Amino acid sequence: MERIAVCPGSFDPITNGHIDIIKRTSQLFDKVYVCVLNNSTKNTLFTHEERMNLIKEATKDVPNIVVDSYNGLLMDYAKTINASVIIRGLRAVTDFEYEMRITSMNRKLNEDIETLFILTKNEYSFLSSSIVKEVAKYNGNISDLVPPAVEKALYQKYLEHKLGN
């Protein structure tokens with residue numbers, strides 16, 4: 001039986017921390033779906049399509065990755081692709097309480113799908129999409145925080161905003 005996992009997120013944008021978790025997950029499972037979810041509480045910088053394209057570019061060297069999207073409950077999506085595991089990355093203890101609440105609700109929705117937490121590497125423990133966007137907005141150096149395509153896309157996006165496009 002094929003072992004399938006889902007790495008969900010908004011990925012606005014994908015960072016090297018996300019990629020670390022995705023690549024490590026790909027070594028544990030036969031297939032990993034990186035699923036861009038629509039989070040109605042987040043105001044995203046990149047469009048849904050842009051985020052998916054950036055993820056595809058960043059993970060193109062990982063053969064068992066499928067980049068997908070879903071507009072609905074994660075547990076419904078996981079069931080449709082026959083996933084047995086949801087992967088969640090943890091940066092610090094502060095992430096745990098938030099993730100525990102989500103995991104508890106997901107377990108209530110479908111107790112057959114497990115959630116596994118993977119701790120990020122120490123070098124990425126501070127990293128978030130929000131921090132990367134803030135630094136890029138003011139033209140700071142993000143080259144070691146995101147893949148080159150994401151770095152270029154962020155600077156371009158903020159240049160367009162400055163020019164009023």
# chains A, B, ... in the order shown; residues from 1 in each chain; ligands from 1

call {"tool": "residues_around", "arguments": {"residues": "A:Leu145", "least_positions_apart": "4", "cutoff": "12 Å", "atoms": "only C-alpha atoms", "output": "PDB file with N, CA, C and O atoms, in the first residue's frame"}}
result
ATOM      1  N   PRO A  13       5.159  33.421   0.912  1.00  0.00           N
ATOM      2  CA  PRO A  13       5.587  32.406  -0.053  1.00  0.00           C
ATOM      3  C   PRO A  13       6.223  31.215   0.652  1.00  0.00           C
ATOM      4  O   PRO A  13       6.428  31.218   1.862  1.00  0.00           O
ATOM      5  N   ILE A  14       6.588  30.211  -0.139  1.00  0.00           N
ATOM      6  CA  ILE A  14       7.325  29.063   0.377  1.00  0.00           C
ATOM      7  C   ILE A  14       8.722  29.539   0.790  1.00  0.00           C
ATOM      8  O   ILE A  14       9.316  30.379   0.119  1.00  0.00           O
ATOM      9  N   THR A  15       9.206  29.027   1.917  1.00  0.00           N
ATOM     10  CA  THR A  15      10.530  29.403   2.424  1.00  0.00           C
ATOM     11  C   THR A  15      11.432  28.165   2.457  1.00  0.00           C
ATOM     12  O   THR A  15      10.966  27.041   2.263  1.00  0.00           O
ATOM     13  N   ASN A  16      12.696  28.391   2.760  1.00  0.00           N
ATOM     14  CA  ASN A  16      13.616  27.257   2.906  1.00  0.00           C
ATOM     15  C   ASN A  16      13.222  26.365   4.079  1.00  0.00           C
ATOM     16  O   ASN A  16      13.508  25.172   4.072  1.00  0.00           O
ATOM     17  N   GLY A  17      12.557  26.912   5.063  1.00  0.00           N
ATOM     18  CA  GLY A  17      12.045  26.100   6.171  1.00  0.00           C
ATOM     19  C   GLY A  17      10.974  25.139   5.698  1.00  0.00           C
ATOM     20  O   GLY A  17      10.968  23.959   6.057  1.00  0.00           O
ATOM     21  N   HIS A  18      10.039  25.636   4.881  1.00  0.00           N
ATOM     22  CA  HIS A  18       9.023  24.760   4.296  1.00  0.00           C
ATOM     23  C   HIS A  18       9.680  23.663   3.462  1.00  0.00           C
ATOM     24  O   HIS A  18       9.313  22.493   3.557  1.00  0.00           O
ATOM     25  N   ILE A  19      10.626  24.065   2.643  1.00  0.00           N
ATOM     26  CA  ILE A  19      11.277  23.115   1.734  1.00  0.00           C
ATOM     27  C   ILE A  19      12.011  22.041   2.527  1.00  0.00           C
ATOM     28  O   ILE A  19      11.975  20.859   2.163  1.00  0.00           O
ATOM     29  N   ASP A  20      12.644  22.427   3.612  1.00  0.00           N
ATOM     30  CA  ASP A  20      13.320  21.456   4.481  1.00  0.00           C
ATOM     31  C   ASP A  20      12.333  20.399   4.971  1.00  0.00           C
ATOM     32  O   ASP A  20      12.597  19.201   4.876  1.00  0.00           O
ATOM     33  N   GLU A 123      18.462  26.266  12.020  1.00  0.00           N
ATOM     34  CA  GLU A 123      18.734  27.454  11.198  1.00  0.00           C
ATOM     35  C   GLU A 123      17.465  28.107  10.657  1.00  0.00           C
ATOM     36  O   GLU A 123      17.498  29.251  10.219  1.00  0.00           O
ATOM     37  N   TYR A 124      16.346  27.375  10.693  1.00  0.00           N
ATOM     38  CA  TYR A 124      15.082  27.926  10.200  1.00  0.00           C
ATOM     39  C   TYR A 124      14.069  28.142  11.322  1.00  0.00           C
ATOM     40  O   TYR A 124      12.905  28.445  11.051  1.00  0.00           O
ATOM     41  N   SER A 125      14.472  28.010  12.562  1.00  0.00           N
ATOM     42  CA  SER A 125      13.522  28.062  13.675  1.00  0.00           C
ATOM     43  C   SER A 125      12.844  29.427  13.840  1.00  0.00           C
ATOM     44  O   SER A 125      11.774  29.515  14.423  1.00  0.00           O
ATOM     45  N   PHE A 126      13.424  30.460  13.297  1.00  0.00           N
ATOM     46  CA  PHE A 126      12.845  31.805  13.384  1.00  0.00           C
ATOM     47  C   PHE A 126      12.065  32.186  12.126  1.00  0.00           C
ATOM     48  O   PHE A 126      11.365  33.191  12.090  1.00  0.00           O
ATOM     49  N   LEU A 127      12.183  31.372  11.112  1.00  0.00           N
ATOM     50  CA  LEU A 127      11.734  31.731   9.772  1.00  0.00           C
ATOM     51  C   LEU A 127      10.234  31.543   9.573  1.00  0.00           C
ATOM     52  O   LEU A 127       9.671  30.515   9.930  1.00  0.00           O
ATOM     53  N   SER A 128       9.613  32.551   8.985  1.00  0.00           N
ATOM     54  CA  SER A 128       8.202  32.457   8.594  1.00  0.00           C
ATOM     55  C   SER A 128       8.020  33.249   7.307  1.00  0.00           C
ATOM     56  O   SER A 128       8.835  34.114   6.974  1.00  0.00           O
ATOM     57  N   SER A 129       6.969  32.955   6.605  1.00  0.00           N
ATOM     58  CA  SER A 129       6.659  33.703   5.382  1.00  0.00           C
ATOM     59  C   SER A 129       6.472  35.189   5.693  1.00  0.00           C
ATOM     60  O   SER A 129       6.892  36.049   4.927  1.00  0.00           O
ATOM     61  N   SER A 130       5.862  35.477   6.830  1.00  0.00           N
ATOM     62  CA  SER A 130       5.623  36.883   7.220  1.00  0.00           C
ATOM     63  C   SER A 130       6.926  37.645   7.411  1.00  0.00           C
ATOM     64  O   SER A 130       7.054  38.786   6.956  1.00  0.00           O
ATOM     65  N   ILE A 131       7.891  37.012   8.069  1.00  0.00           N
ATOM     66  CA  ILE A 131       9.189  37.661   8.290  1.00  0.00           C
ATOM     67  C   ILE A 131       9.887  37.905   6.963  1.00  0.00           C
ATOM     68  O   ILE A 131      10.437  38.980   6.718  1.00  0.00           O
ATOM     69  N   VAL A 132       9.866  36.895   6.091  1.00  0.00           N
ATOM     70  CA  VAL A 132      10.506  37.021   4.782  1.00  0.00           C
ATOM     71  C   VAL A 132       9.880  38.170   3.992  1.00  0.00           C
ATOM     72  O   VAL A 132      10.585  38.983   3.386  1.00  0.00           O
ATOM     73  N   LYS A 133       8.562  38.262   4.008  1.00  0.00           N
ATOM     74  CA  LYS A 133       7.888  39.337   3.278  1.00  0.00           C
ATOM     75  C   LYS A 133       8.265  40.705   3.838  1.00  0.00           C
ATOM     76  O   LYS A 133       8.477  41.650   3.067  1.00  0.00           O
ATOM     77  N   VAL A 135      11.040  41.620   5.402  1.00  0.00           N
ATOM     78  CA  VAL A 135      12.422  41.954   5.038  1.00  0.00           C
ATOM     79  C   VAL A 135      12.501  42.319   3.554  1.00  0.00           C
ATOM     80  O   VAL A 135      13.139  43.301   3.171  1.00  0.00           O
ATOM     81  N   ALA A 136      11.839  41.531   2.703  1.00  0.00           N
ATOM     82  CA  ALA A 136      11.860  41.796   1.259  1.00  0.00           C
ATOM     83  C   ALA A 136      11.207  43.136   0.929  1.00  0.00           C
ATOM     84  O   ALA A 136      11.658  43.849   0.027  1.00  0.00           O
ATOM     85  N   GLY A 140      15.606  44.081   2.002  1.00  0.00           N
ATOM     86  CA  GLY A 140      16.640  43.390   2.769  1.00  0.00           C
ATOM     87  C   GLY A 140      17.048  42.089   2.093  1.00  0.00           C
ATOM     88  O   GLY A 140      16.364  41.590   1.191  1.00  0.00           O
ATOM     89  N   ASN A 141      18.141  41.533   2.525  1.00  0.00           N
ATOM     90  CA  ASN A 141      18.685  40.316   1.932  1.00  0.00           C
ATOM     91  C   ASN A 141      17.943  39.086   2.454  1.00  0.00           C
ATOM     92  O   ASN A 141      17.993  38.779   3.645  1.00  0.00           O
ATOM     93  N   ALA A 149      13.958  31.671  -7.076  1.00  0.00           N
ATOM     94  CA  ALA A 149      12.733  32.083  -7.776  1.00  0.00           C
ATOM     95  C   ALA A 149      11.795  32.858  -6.853  1.00  0.00           C
ATOM     96  O   ALA A 149      11.131  33.805  -7.284  1.00  0.00           O
ATOM     97  N   VAL A 150      11.753  32.465  -5.589  1.00  0.00           N
ATOM     98  CA  VAL A 150      10.900  33.156  -4.614  1.00  0.00           C
ATOM     99  C   VAL A 150      11.482  34.533  -4.304  1.00  0.00           C
ATOM    100  O   VAL A 150      10.744  35.525  -4.231  1.00  0.00           O
ATOM    101  N   GLU A 151      12.788  34.597  -4.143  1.00  0.00           N
ATOM    102  CA  GLU A 151      13.445  35.886  -3.885  1.00  0.00           C
ATOM    103  C   GLU A 151      13.127  36.871  -5.009  1.00  0.00           C
ATOM    104  O   GLU A 151      12.705  38.005  -4.757  1.00  0.00           O
ATOM    105  N   LEU A 154       9.421  37.923  -4.937  1.00  0.00           N
ATOM    106  CA  LEU A 154       9.111  38.863  -3.844  1.00  0.00           C
ATOM    107  C   LEU A 154       9.561  40.281  -4.183  1.00  0.00           C
ATOM    108  O   LEU A 154       8.786  41.235  -4.042  1.00  0.00           O
TER     109      LEU A 154
END

call {"tool": "select_by_dssp", "arguments": {"residues": "stretch 6-154 of chain A", "states": "strand (DSSP E or B)", "output": "PyMOL selection string"}}
result
chain A and resi 6-9+31-37+65-70+85-90+114-119

call {"tool": "closest_residue", "arguments": {"among": "A:Thr59, A:Ser84, A:Asn43, A:Thr103", "to": "A:Lys23", "atoms": "only C-alpha atoms"}}
result
A:Thr59

call {"tool": "closest_residue", "arguments": {"among": "A:Val85, A:Val146, A:Met1, A:Leu28", "to": "A:Asn64", "atoms": "only C-alpha atoms"}}
result
A:Leu28

call {"tool": "residues_around", "arguments": {"residues": "A:Val67", "least_positions_apart": "4", "cutoff": "10 Å", "atoms": "only C-alpha atoms", "output": "ChimeraX atom specification"}}
result
/A:6-7,32-36,52-53,55-56,59-60

call {"tool": "closest_residue", "arguments": {"among": "A:Ala153, A:Ile22, A:Leu119, A:Ala78", "to": "A:Asp61", "atoms": "only C-alpha atoms"}}
result
A:Ile22

call {"tool": "select_by_dssp", "arguments": {"residues": "chain A", "states": "helix (DSSP H, G or I)", "output": "number ranges by chain"}}
result
A: 16-26, 48-58, 74-80, 93-109, 122-124, 129-137, 148-163

call {"tool": "closest_residue", "arguments": {"among": "A:Tyr70, A:Tyr158, A:Phe117, A:Tyr98", "to": "A:Ile86", "atoms": "only C-alpha atoms"}}
result
A:Phe117

call {"tool": "residues_around", "arguments": {"residues": "A:Phe46", "least_positions_apart": "3", "cutoff": "9 Å", "atoms": "only C-alpha atoms", "output": "mmCIF file with N, CA and C atoms, in the first residue's frame"}}
result
data_model
loop_
_atom_site.group_PDB
_atom_site.id
_atom_site.type_symbol
_atom_site.label_atom_id
_atom_site.label_comp_id
_atom_site.auth_asym_id
_atom_site.auth_seq_id
_atom_site.Cartn_x
_atom_site.Cartn_y
_atom_site.Cartn_z
ATOM 1 N N ASP A 12 2.814 31.488 1.514
ATOM 2 C CA ASP A 12 2.789 32.840 0.938
ATOM 3 C C ASP A 12 3.962 33.680 1.415
ATOM 4 N N PRO A 13 5.159 33.421 0.912
ATOM 5 C CA PRO A 13 5.587 32.406 -0.053
ATOM 6 C C PRO A 13 6.223 31.215 0.652
ATOM 7 N N GLU A 49 -2.302 30.788 -7.838
ATOM 8 C CA GLU A 49 -1.513 30.242 -8.949
ATOM 9 C C GLU A 49 -0.025 30.566 -8.789
ATOM 10 N N GLU A 50 0.290 31.783 -8.388
ATOM 11 C CA GLU A 50 1.702 32.161 -8.182
ATOM 12 C C GLU A 50 2.342 31.300 -7.098
ATOM 13 N N ARG A 51 1.618 31.080 -6.007
ATOM 14 C CA ARG A 51 2.157 30.251 -4.920
ATOM 15 C C ARG A 51 2.397 28.826 -5.390
ATOM 16 N N LEU A 154 9.421 37.923 -4.937
ATOM 17 C CA LEU A 154 9.111 38.863 -3.844
ATOM 18 C C LEU A 154 9.561 40.281 -4.183
ATOM 19 N N LYS A 157 7.315 41.696 -6.819
ATOM 20 C CA LYS A 157 5.983 42.013 -6.292
ATOM 21 C C LYS A 157 6.016 43.355 -5.555
#

call {"tool": "atom_distance", "arguments": {"atom1": "atom CA of A:Thr115", "atom2": "atom CA of A:Leu90"}}
result
12.1 Å

call {"tool": "atom_distance", "arguments": {"atom1": "atom CA of A:Met100", "atom2": "atom CA of A:Ile87"}}
result
12.5 Å

call {"tool": "atom_distance", "arguments": {"atom1": "atom CA of A:Ala92", "atom2": "atom CA of A:Ile118"}}
result
10.9 Å

call {"tool": "closest_residue", "arguments": {"among": "A:Leu45, A:Asn71, A:Ile81, A:Arg91", "to": "A:Gln156", "atoms": "only C-alpha atoms"}}
result
A:Leu45

call {"tool": "decode", "arguments": {"residues": "stretch 88-104 of chain A", "atoms": "all heavy atoms", "output": "CSV table (one decimal), in the first residue's frame"}}
result
chain,number,residue,atom,x,y,z
A,88,ARG,N,3.0,18.5,9.8
A,88,ARG,CA,3.0,19.9,10.2
A,88,ARG,C,4.4,20.1,10.8
A,88,ARG,O,5.0,19.4,11.5
A,88,ARG,CB,2.0,20.1,11.4
A,88,ARG,CG,0.5,19.8,11.0
A,88,ARG,CD,0.0,20.7,9.9
A,88,ARG,NE,0.0,22.1,10.4
A,88,ARG,CZ,-0.5,23.1,9.7
A,88,ARG,NH1,-0.8,22.9,8.4
A,88,ARG,NH2,-0.5,24.3,10.2
A,89,GLY,N,5.0,21.2,10.3
A,89,GLY,CA,6.3,21.7,10.8
A,89,GLY,C,6.2,22.5,12.1
A,89,GLY,O,5.2,23.3,12.2
A,90,LEU,N,7.1,22.3,13.0
A,90,LEU,CA,7.1,23.1,14.2
A,90,LEU,C,8.5,23.8,14.3
A,90,LEU,O,9.5,23.2,14.1
A,90,LEU,CB,7.0,22.2,15.4
A,90,LEU,CG,5.7,21.5,15.7
A,90,LEU,CD1,5.8,20.6,16.9
A,90,LEU,CD2,4.6,22.5,15.9
A,91,ARG,N,8.4,25.1,14.5
A,91,ARG,CA,9.6,25.9,14.7
A,91,ARG,C,10.0,26.0,16.1
A,91,ARG,O,11.2,26.0,16.5
A,91,ARG,CB,9.4,27.3,14.1
A,91,ARG,CG,9.2,27.3,12.6
A,91,ARG,CD,8.7,28.6,12.1
A,91,ARG,NE,7.4,28.9,12.7
A,91,ARG,CZ,6.6,29.8,12.2
A,91,ARG,NH1,6.9,30.6,11.2
A,91,ARG,NH2,5.4,30.0,12.7
A,92,ALA,N,9.0,26.3,17.0
A,92,ALA,CA,9.3,26.5,18.4
A,92,ALA,C,8.1,26.1,19.2
A,92,ALA,O,7.1,25.7,18.7
A,92,ALA,CB,9.5,28.0,18.6
A,93,VAL,N,8.3,26.1,20.5
A,93,VAL,CA,7.2,25.7,21.4
A,93,VAL,C,5.9,26.5,21.2
A,93,VAL,O,4.8,26.0,21.3
A,93,VAL,CB,7.7,25.9,22.9
A,93,VAL,CG1,6.5,25.6,23.9
A,93,VAL,CG2,8.8,24.9,23.2
A,94,THR,N,6.1,27.8,20.8
A,94,THR,CA,4.9,28.6,20.5
A,94,THR,C,4.1,28.1,19.4
A,94,THR,O,2.8,28.3,19.4
A,94,THR,CB,5.4,30.1,20.2
A,94,THR,OG1,6.3,30.0,19.1
A,94,THR,CG2,6.0,30.7,21.4
A,95,ASP,N,4.6,27.4,18.5
A,95,ASP,CA,3.8,26.8,17.4
A,95,ASP,C,2.9,25.6,17.9
A,95,ASP,O,1.9,25.4,17.4
A,95,ASP,CB,4.7,26.2,16.3
A,95,ASP,CG,5.4,27.3,15.4
A,95,ASP,OD1,4.9,28.4,15.4
A,95,ASP,OD2,6.3,26.9,14.7
A,96,PHE,N,3.4,25.0,18.9
A,96,PHE,CA,2.8,23.7,19.4
A,96,PHE,C,1.3,23.9,19.8
A,96,PHE,O,0.5,23.1,19.4
A,96,PHE,CB,3.6,23.0,20.5
A,96,PHE,CG,3.0,21.7,20.9
A,96,PHE,CD1,3.1,20.6,20.1
A,96,PHE,CD2,2.2,21.6,22.1
A,96,PHE,CE1,2.5,19.4,20.5
A,96,PHE,CE2,1.6,20.4,22.4
A,96,PHE,CZ,1.8,19.3,21.6
A,97,GLU,N,1.0,24.9,20.6
A,97,GLU,CA,-0.3,25.1,21.1
A,97,GLU,C,-1.3,25.3,19.9
A,97,GLU,O,-2.4,24.7,19.9
A,97,GLU,CB,-0.4,26.3,22.1
A,97,GLU,CG,-1.8,26.4,22.7
A,97,GLU,CD,-1.8,27.5,23.7
A,97,GLU,OE1,-0.8,27.9,24.3
A,97,GLU,OE2,-3.0,28.0,24.0
A,98,TYR,N,-0.9,26.2,19.0
A,98,TYR,CA,-1.8,26.4,17.8
A,98,TYR,C,-2.0,25.1,17.0
A,98,TYR,O,-3.1,24.8,16.7
A,98,TYR,CB,-1.1,27.5,16.9
A,98,TYR,CG,-1.7,27.7,15.6
A,98,TYR,CD1,-2.9,28.4,15.5
A,98,TYR,CD2,-1.1,27.2,14.4
A,98,TYR,CE1,-3.5,28.6,14.2
A,98,TYR,CE2,-1.7,27.4,13.2
A,98,TYR,CZ,-2.9,28.1,13.1
A,98,TYR,OH,-3.5,28.2,11.9
A,99,GLU,N,-0.9,24.4,16.8
A,99,GLU,CA,-0.9,23.2,16.0
A,99,GLU,C,-1.7,22.1,16.7
A,99,GLU,O,-2.4,21.3,16.1
A,99,GLU,CB,0.5,22.7,15.7
A,99,GLU,CG,1.2,23.5,14.7
A,99,GLU,CD,0.6,23.6,13.3
A,99,GLU,OE1,-0.2,22.8,12.9
A,99,GLU,OE2,1.0,24.6,12.6
A,100,MET,N,-1.7,22.1,18.0
A,100,MET,CA,-2.4,21.1,18.8
A,100,MET,C,-3.9,21.3,18.7
A,100,MET,O,-4.7,20.3,18.5
A,100,MET,CB,-2.0,21.1,20.3
A,100,MET,CG,-2.6,20.0,21.1
A,100,MET,SD,-2.2,20.2,22.9
A,100,MET,CE,-3.1,21.6,23.4
A,101,ARG,N,-4.4,22.5,18.7
A,101,ARG,CA,-5.8,22.8,18.5
A,101,ARG,C,-6.3,22.4,17.1
A,101,ARG,O,-7.3,21.7,17.0
A,101,ARG,CB,-6.1,24.3,18.7
A,101,ARG,CG,-6.0,24.7,20.1
A,101,ARG,CD,-6.6,26.1,20.4
A,101,ARG,NE,-6.2,27.1,19.4
A,101,ARG,CZ,-5.2,28.0,19.6
A,101,ARG,NH1,-4.4,27.9,20.6
A,101,ARG,NH2,-4.9,28.9,18.7
A,102,ILE,N,-5.5,22.7,16.1
A,102,ILE,CA,-5.8,22.2,14.7
A,102,ILE,C,-5.9,20.7,14.6
A,102,ILE,O,-6.8,20.1,14.1
A,102,ILE,CB,-4.9,22.8,13.7
A,102,ILE,CG1,-5.0,24.3,13.6
A,102,ILE,CG2,-5.0,22.2,12.3
A,102,ILE,CD1,-4.0,25.0,12.7
A,103,THR,N,-4.9,20.1,15.2
A,103,THR,CA,-4.8,18.6,15.2
A,103,THR,C,-6.0,18.0,15.9
A,103,THR,O,-6.5,17.0,15.4
A,103,THR,CB,-3.4,18.1,15.8
A,103,THR,OG1,-2.4,18.7,15.0
A,103,THR,CG2,-3.3,16.6,15.8
A,104,SER,N,-6.3,18.5,17.0
A,104,SER,CA,-7.5,18.0,17.8
A,104,SER,C,-8.8,18.1,16.9
A,104,SER,O,-9.6,17.1,16.9
A,104,SER,CB,-7.6,18.8,19.1
A,104,SER,OG,-6.5,18.5,19.9
